[in-house]
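Text of model34.cif, listed as mmCIF, C-alpha atoms:
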```
data_structure
#
loop_
_atom_site.label_atom_id
_atom_site.label_comp_id
_atom_site.auth_asym_id
_atom_site.auth_seq_id
_atom_site.Cartn_x
_atom_site.Cartn_y
_atom_site.Cartn_z
CA MET A 801 35.94 14.90 78.21
CA ARG A 802 37.32 13.36 81.40
CA TRP A 803 35.81 11.84 84.51
CA SER A 804 36.98 9.74 87.47
CA GLU A 805 35.13 6.84 89.08
CA TRP A 806 35.45 4.87 92.30
CA VAL A 807 33.49 2.81 94.84
CA VAL A 808 32.94 3.80 98.48
CA SER A 809 32.38 0.94 100.95
CA SER A 810 31.80 1.09 104.70
CA THR A 811 31.27 -1.53 107.41
CA PHE A 812 28.74 -1.48 110.26
CA ASP A 813 28.16 -3.77 113.23
CA THR A 814 24.39 -3.28 112.74
CA CYS A 815 22.25 -1.57 110.12
CA ASP A 816 18.62 -0.84 109.30
CA PRO A 817 17.93 -1.82 105.67
CA ARG A 818 14.36 -0.52 105.56
CA PRO A 819 13.89 1.90 102.61
CA PHE A 820 11.65 4.35 104.53
CA ARG A 821 12.62 4.86 108.14
CA THR A 822 9.96 6.89 109.90
CA GLU A 823 10.33 5.08 113.21
CA PRO A 824 13.25 3.53 115.10
CA PRO A 825 13.82 -0.09 114.07
CA ARG A 826 12.68 -3.03 116.14
CA ASP A 827 15.28 -5.57 117.14
CA ASP A 828 14.00 -8.02 114.52
CA GLN A 829 14.44 -5.38 111.78
CA LEU A 830 18.13 -4.87 112.42
CA ARG A 831 20.81 -6.70 110.46
CA PHE A 832 24.29 -7.52 111.74
CA ASN A 833 27.71 -7.38 110.05
CA CYS A 834 26.64 -5.02 107.26
CA MET A 835 28.43 -3.25 104.46
CA SER A 836 27.31 -0.27 102.42
CA HIS A 837 28.43 0.28 98.84
CA LEU A 838 27.95 3.12 96.38
CA MET A 839 29.69 4.31 93.25
CA GLU A 840 30.81 7.89 92.70
CA VAL A 841 31.83 9.74 89.54
CA ARG A 842 33.59 13.11 89.43
CA ASN A 843 33.32 15.34 86.37
CA ASP A 844 36.84 16.46 85.41
CA SER A 845 35.62 18.25 82.27
CA ALA A 846 34.79 21.90 81.70
CA ARG A 847 31.13 21.30 80.84
CA PRO A 848 28.24 19.40 82.47
CA VAL A 849 28.09 15.70 81.64
CA GLN A 850 25.42 13.06 82.12
CA CYS A 851 26.68 9.71 83.28
CA ARG A 852 25.26 6.22 83.50
CA MET A 853 26.75 4.57 86.57
CA LEU A 854 26.54 0.84 87.26
CA LEU A 855 27.74 -1.01 90.36
CA GLU A 856 27.34 -4.78 90.63
CA LEU A 857 27.75 -6.91 93.77
CA THR A 858 28.91 -10.48 94.23
CA GLU A 859 25.59 -11.34 95.92
CA PRO A 860 22.24 -9.61 96.58
CA ASP A 861 21.92 -6.85 99.15
CA PHE A 862 19.21 -6.72 101.81
CA ARG A 863 16.73 -5.50 99.16
CA THR A 864 17.58 -8.51 96.93
CA ALA A 865 19.31 -6.25 94.38
CA ARG A 866 22.67 -7.21 92.91
CA SER A 867 23.20 -4.03 90.94
CA MET A 868 22.73 -0.29 91.41
CA GLU A 869 22.25 1.83 88.28
CA ARG A 870 21.70 5.56 88.03
CA ASN A 871 21.76 8.29 85.41
CA GLU A 872 22.92 11.62 86.80
CA ILE A 873 23.94 15.05 85.56
CA ILE A 874 27.27 16.17 87.00
CA TYR A 875 28.66 19.68 86.76
CA PRO A 876 32.41 20.40 86.44
CA GLY A 877 34.21 19.46 89.65
CA SER A 878 31.08 17.92 91.17
CA VAL A 879 30.42 14.29 92.10
CA GLY A 880 27.44 12.11 91.19
CA ARG A 881 26.64 8.84 92.92
CA THR A 882 24.45 5.77 92.77
CA TYR A 883 22.00 4.89 95.51
CA GLU A 884 23.61 3.37 98.57
CA SER A 885 23.29 -0.39 98.93
CA LEU A 886 23.16 -2.04 102.36
CA ALA A 887 24.29 -5.65 102.14
CA PRO A 888 25.68 -8.54 104.18
CA ALA A 889 29.40 -8.35 104.86
CA THR A 890 29.89 -11.22 102.40
CA ALA A 891 28.64 -9.06 99.50
CA SER A 892 31.42 -7.08 97.87
CA PRO A 893 31.69 -5.05 94.64
CA ALA A 894 32.09 -7.38 91.65
CA SER A 895 32.42 -4.64 89.02
CA PHE A 896 31.65 -1.00 88.39
CA SER A 897 31.55 1.16 85.28
CA SER A 898 30.40 4.53 84.01
CA THR A 899 29.62 5.99 80.61
CA CYS A 900 29.47 9.77 80.31
CA GLU A 901 28.63 12.24 77.56
CA LEU A 902 28.50 16.01 77.38
CA VAL A 903 25.11 17.68 77.78
CA PRO A 904 24.42 19.51 74.48
CA LEU A 905 24.92 23.26 74.42
CA GLU A 906 21.61 23.47 72.54
CA PRO A 907 18.80 20.87 72.46
CA PRO A 908 19.14 18.75 69.31
CA VAL A 909 16.34 19.07 66.78
CA LEU A 910 13.83 16.21 66.75
CA SER A 911 11.68 15.24 63.82
CA GLU A 912 8.05 16.16 64.27
CA VAL A 913 5.69 13.40 65.31
CA SER A 914 2.16 12.91 64.00
CA PRO A 915 -0.21 15.80 64.77
CA ALA A 916 -2.41 13.22 66.48
CA CYS A 917 0.30 12.56 69.08
CA THR A 918 -0.59 13.86 72.54
CA VAL A 919 1.17 13.80 75.89
CA ARG A 920 -0.11 14.86 79.28
CA PHE A 921 1.41 14.61 82.74
CA GLU A 922 -0.39 13.54 85.89
CA GLY A 923 1.69 14.75 88.79
CA LYS A 924 0.87 16.14 92.22
CA TYR A 925 2.90 18.23 94.63
CA LEU A 926 5.61 18.95 92.07
CA ASP A 927 6.42 22.20 93.87
CA SER A 928 7.90 20.14 96.69
CA TYR A 929 10.77 19.15 94.37
CA TYR A 930 12.08 22.71 94.28
CA PRO A 931 15.48 22.38 96.02
CA GLU A 932 15.68 24.28 99.30
CA SER A 933 19.22 25.37 98.46
CA ALA A 934 17.98 26.98 95.24
CA ILE A 935 15.13 28.71 97.07
CA SER A 936 17.49 30.23 99.66
CA LEU A 937 19.70 31.52 96.83
CA LYS A 938 16.66 32.69 94.82
CA GLN A 939 17.70 30.55 91.87
CA GLU A 940 15.33 29.91 88.96
CA GLY A 941 15.67 28.14 85.65
CA SER A 942 14.39 25.51 83.27
CA THR A 943 15.82 22.38 81.71
CA GLN A 944 14.72 20.07 78.92
CA MET A 945 14.82 16.28 78.99
CA ASP A 946 14.07 13.60 76.41
CA PHE A 947 12.10 10.48 77.36
CA VAL A 948 10.49 7.45 75.73
CA LEU A 949 7.27 5.73 76.81
CA THR A 950 6.07 2.17 76.35
CA ALA A 951 2.54 1.27 75.24
CA GLN A 952 1.72 0.94 78.97
CA ASN A 953 2.87 4.55 79.58
CA ARG A 954 5.97 3.48 81.49
CA LEU A 955 9.39 4.94 80.88
CA ALA A 956 11.18 2.70 78.40
CA ARG A 957 14.57 3.98 79.57
CA GLN A 958 16.10 6.64 81.76
CA PRO A 959 15.38 10.24 80.67
CA THR A 960 18.31 12.24 79.30
CA TRP A 961 19.18 15.92 79.63
CA VAL A 962 19.26 17.89 76.38
CA SER A 963 19.67 21.32 77.99
CA THR A 964 20.60 22.62 81.42
CA SER A 965 19.38 25.43 83.62
CA GLY A 966 22.94 26.30 84.58
CA ILE A 967 22.17 25.23 88.16
CA GLU A 968 23.05 21.67 89.14
CA SER A 969 20.46 21.29 91.91
CA LEU A 970 17.65 22.35 89.55
CA ASP A 971 18.79 19.98 86.81
CA ARG A 972 18.89 17.05 89.25
CA ALA A 973 15.50 17.98 90.64
CA ALA A 974 14.12 18.08 87.08
CA ARG A 975 14.95 14.41 86.70
CA SER A 976 13.07 13.60 89.92
CA VAL A 977 10.05 15.56 88.68
CA LEU A 978 9.96 13.69 85.37
CA LEU A 979 10.37 10.31 87.07
CA THR A 980 7.61 11.06 89.58
CA ALA A 981 4.96 12.52 87.28
CA ARG A 982 3.06 9.94 85.25
CA ALA A 983 3.12 10.65 81.53
CA VAL A 984 0.15 9.51 79.43
CA SER A 985 0.62 9.41 75.67
CA ASN A 986 -0.62 7.73 72.50
CA CYS A 987 2.89 7.80 71.00
CA PRO A 988 4.79 4.79 72.37
CA GLY A 989 8.35 4.32 71.16
CA GLN A 990 8.82 7.99 70.29
CA ILE A 991 11.52 10.22 71.75
CA LEU A 992 9.51 12.99 73.41
CA ARG A 993 10.76 16.16 75.04
CA ALA A 994 9.68 17.80 78.26
CA GLU A 995 10.52 21.13 79.85
CA ILE A 996 10.74 21.43 83.63
CA GLN A 997 10.66 24.99 84.94
CA PHE A 998 11.48 26.27 88.42
CA LYS A 999 10.18 29.73 89.27
CA LEU A 1000 9.84 31.79 92.44
CA GLU A 1001 7.02 34.29 92.80
CA ASP A 1002 6.64 36.36 95.95
CA GLU A 1003 6.63 33.78 98.75
CA SER A 1004 5.67 30.79 96.61
CA ARG A 1005 7.61 28.23 94.62
CA GLN A 1006 6.40 26.86 91.30
CA VAL A 1007 7.54 23.77 89.44
CA THR A 1008 5.88 23.19 86.06
CA LEU A 1009 6.26 20.22 83.75
CA ARG A 1010 5.09 20.39 80.15
CA TRP A 1011 5.52 18.44 76.94
CA ILE A 1012 6.98 20.46 74.09
CA PRO A 1013 4.29 19.87 71.42
CA GLY A 1014 5.49 18.53 68.11
CA SER A 1015 8.75 17.17 69.53
CA GLY A 1016 9.49 13.57 68.89
CA THR A 1017 11.19 11.05 66.67
CA ALA A 1018 11.30 7.27 66.55
CA ALA A 1019 13.56 5.86 69.25
CA PRO A 1020 16.50 3.82 67.95
#
```

Let me see whether you can do it: turn the structure in this file into structure tokens.
Amino acid sequence: MRWSEWVVSSTFDTCDPRPFRTEPPRDDQLRFNCMSHLMEVRNDSARPVQCRMLLELTEPDFRTARSMERNEIIYPGSVGRTYESLAPATASPASFSSTCELVPLEPPVLSEVSPACTVRFEGKYLDSYYPESAISLKQEGSTQMDFVLTAQNRLARQPTWVSTSGIESLDRAARSVLLTARAVSNCPGQILRAEIQFKLEDESRQVTLRWIPGSGTAAP
């Protein structure tokens, strides 16, 4: 298994650090002498890998973050990247690293949890996560991901892929679906498994998210 990693940095005279830019910035919202930083990883292997990427800065960016971390699935020859950070020109990359592992050819078997364990998802507008590129190519598929919840029904860590759809855009969209939908469970600390399916019917798109009943084992 092989992968390559690097950091991409750019300079700007002015920048708009607002996270959601629906309107042009006012003068007081602009920042001067900016730099953008992001980390990229290329998969040089023959199979899909999932990588944890971490980029740390010497000082906080405009959003007060000093590090950018992201888990991403990367197909052979493709590139995954962290979120872009906009920072003062004095902030430079302090360190960067990545840890990658192959996505299993088959989902590993999990020990069954208690029959009393339940999981439900509360998500709206999941169909909007169907990638436009996949729709235009009439691509469908499903992927499975493992996740762990806290007692407050928050994700205890980043979800991981345990199977792929064979289509990179669908696998990446599956992660967004699982992160967006709120999972409610009475099984904190258990590794649970979800299936995210993308299906096209006539002129409609369908994205479904379901827990695979009985899946689960104590998280290490």

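Once A:Ser892 and its same-chain neighbours fewer than 3 positions away are set aside, Val807, Val808, Ser809, Ser810, Thr811, Cys834, Met835, Ser836, His837, Leu838, Leu855, Glu856, Leu857, Thr858, Glu859, Pro860, Asp861, Arg866, Ser867, Ser885, Leu886, Ala887, Pro888, Ala889, Ser895 and Phe896 of chain A remain within 12 Å of it when counting only C-alpha atoms.
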
Any chance you could resolve the PyMOL selection byres ((chain A and resi 877) around 8) against this file and give the residues as a ChimeraX atom specification? /A:842-845,875-876,878-879

Pick the closest to A:Thr950 from A:Asn833, A:Gln990, A:Thr882, A:Ser898: which is it, counting all atoms listed in the file?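 Ranking A:Asn833, A:Gln990, A:Thr882, A:Ser898 by distance to A:Thr950, first place goes to A:Gln990.
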
With distances taken over only C-alpha atoms, which of A:Thr814, A:Gln952, A:Ser976, A:Ser942 is nearest to A:Phe998? A:Ser942

By how many Å are atom CA of A:Leu1009 and atom CA of A:Phe820 apart?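 Calculated distance between atom CA of A:Leu1009 and atom CA of A:Phe820 is 26.7 Å.
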
Exercise: residues within 12 Å of coordinate (16.7, 15.7, 76.3), counting only C-alpha atoms, as a PyMOL selection string: chain A and resi 850+873+902-910+943-948+958-964+971+974-975+978+991-996+1011-1012+1015-1016

Pick from A:Ala981, A:Met853, A:Leu970, A:Val1007: nearest to A:Glu922, with all atoms listed in the file counted?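 Answer, going by the shortest atom-to-atom distance: A:Ala981.
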
Between atom CA of A:Pro893 and atom CA of A:Pro819, what is the distance, to one decimal in Å?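 Distance reported for this atom pair: 20.7 Å.
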
Provide stretch 907-932 of chain A rebuilt to N, CA and C atoms, formatted as a compact mmCIF listing (two decimals), in the coordinates of the input.
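In the end it all went to rebuild_21.txt:
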```txt
# COMPACT_ATOMS: atom_id res chain seq x y z
N PRO A 907 19.56 22.11 72.67
CA PRO A 907 18.80 20.87 72.46
C PRO A 907 18.83 20.45 71.01
N PRO A 908 19.16 19.20 70.72
CA PRO A 908 19.14 18.75 69.31
C PRO A 908 17.73 18.77 68.75
N VAL A 909 17.64 19.00 67.45
CA VAL A 909 16.34 19.07 66.78
C VAL A 909 15.79 17.66 66.61
N LEU A 910 14.52 17.48 66.95
CA LEU A 910 13.83 16.21 66.75
C LEU A 910 12.85 16.33 65.60
N SER A 911 12.68 15.25 64.87
CA SER A 911 11.68 15.24 63.82
C SER A 911 10.29 15.34 64.43
N GLU A 912 9.40 16.00 63.74
CA GLU A 912 8.05 16.16 64.27
C GLU A 912 7.30 14.83 64.22
N VAL A 913 6.52 14.59 65.27
CA VAL A 913 5.69 13.40 65.31
C VAL A 913 4.34 13.72 64.66
N SER A 914 3.48 12.72 64.58
CA SER A 914 2.16 12.91 64.00
C SER A 914 1.38 13.97 64.77
N PRO A 915 0.61 14.80 64.07
CA PRO A 915 -0.21 15.80 64.77
C PRO A 915 -1.19 15.18 65.75
N ALA A 916 -1.48 13.90 65.56
CA ALA A 916 -2.41 13.22 66.48
C ALA A 916 -1.74 12.82 67.79
N CYS A 917 -0.43 12.94 67.86
CA CYS A 917 0.30 12.56 69.08
C CYS A 917 0.00 13.55 70.20
N THR A 918 -0.33 13.02 71.37
CA THR A 918 -0.59 13.86 72.54
C THR A 918 0.16 13.30 73.75
N VAL A 919 0.51 14.18 74.64
CA VAL A 919 1.17 13.80 75.89
C VAL A 919 0.62 14.69 77.00
N ARG A 920 0.28 14.07 78.12
CA ARG A 920 -0.11 14.86 79.28
C ARG A 920 0.56 14.23 80.51
N PHE A 921 0.77 15.06 81.52
CA PHE A 921 1.41 14.61 82.74
C PHE A 921 0.42 14.65 83.89
N GLU A 922 0.45 13.61 84.70
CA GLU A 922 -0.39 13.54 85.89
C GLU A 922 0.52 13.50 87.11
N GLY A 923 0.79 14.66 87.65
CA GLY A 923 1.69 14.75 88.79
C GLY A 923 1.14 15.69 89.85
N LYS A 924 1.32 15.32 91.11
CA LYS A 924 0.87 16.14 92.22
C LYS A 924 2.08 16.58 93.06
N TYR A 925 1.91 17.71 93.68
CA TYR A 925 2.90 18.23 94.63
C TYR A 925 4.27 18.38 93.99
N LEU A 926 4.32 18.77 92.72
CA LEU A 926 5.61 18.95 92.07
C LEU A 926 6.41 20.08 92.68
N ASP A 927 5.71 21.07 93.27
CA ASP A 927 6.42 22.20 93.87
C ASP A 927 7.35 21.75 94.99
N SER A 928 7.07 20.61 95.59
CA SER A 928 7.90 20.14 96.69
C SER A 928 9.28 19.70 96.22
N TYR A 929 9.47 19.55 94.90
CA TYR A 929 10.77 19.15 94.37
C TYR A 929 11.70 20.33 94.14
N TYR A 930 11.21 21.53 94.41
CA TYR A 930 12.08 22.71 94.28
C TYR A 930 13.15 22.62 95.36
N PRO A 931 14.43 22.55 95.01
CA PRO A 931 15.48 22.38 96.02
C PRO A 931 15.52 23.55 97.01
N GLU A 932 15.62 23.24 98.28
CA GLU A 932 15.68 24.28 99.30
C GLU A 932 16.90 25.17 99.11
```
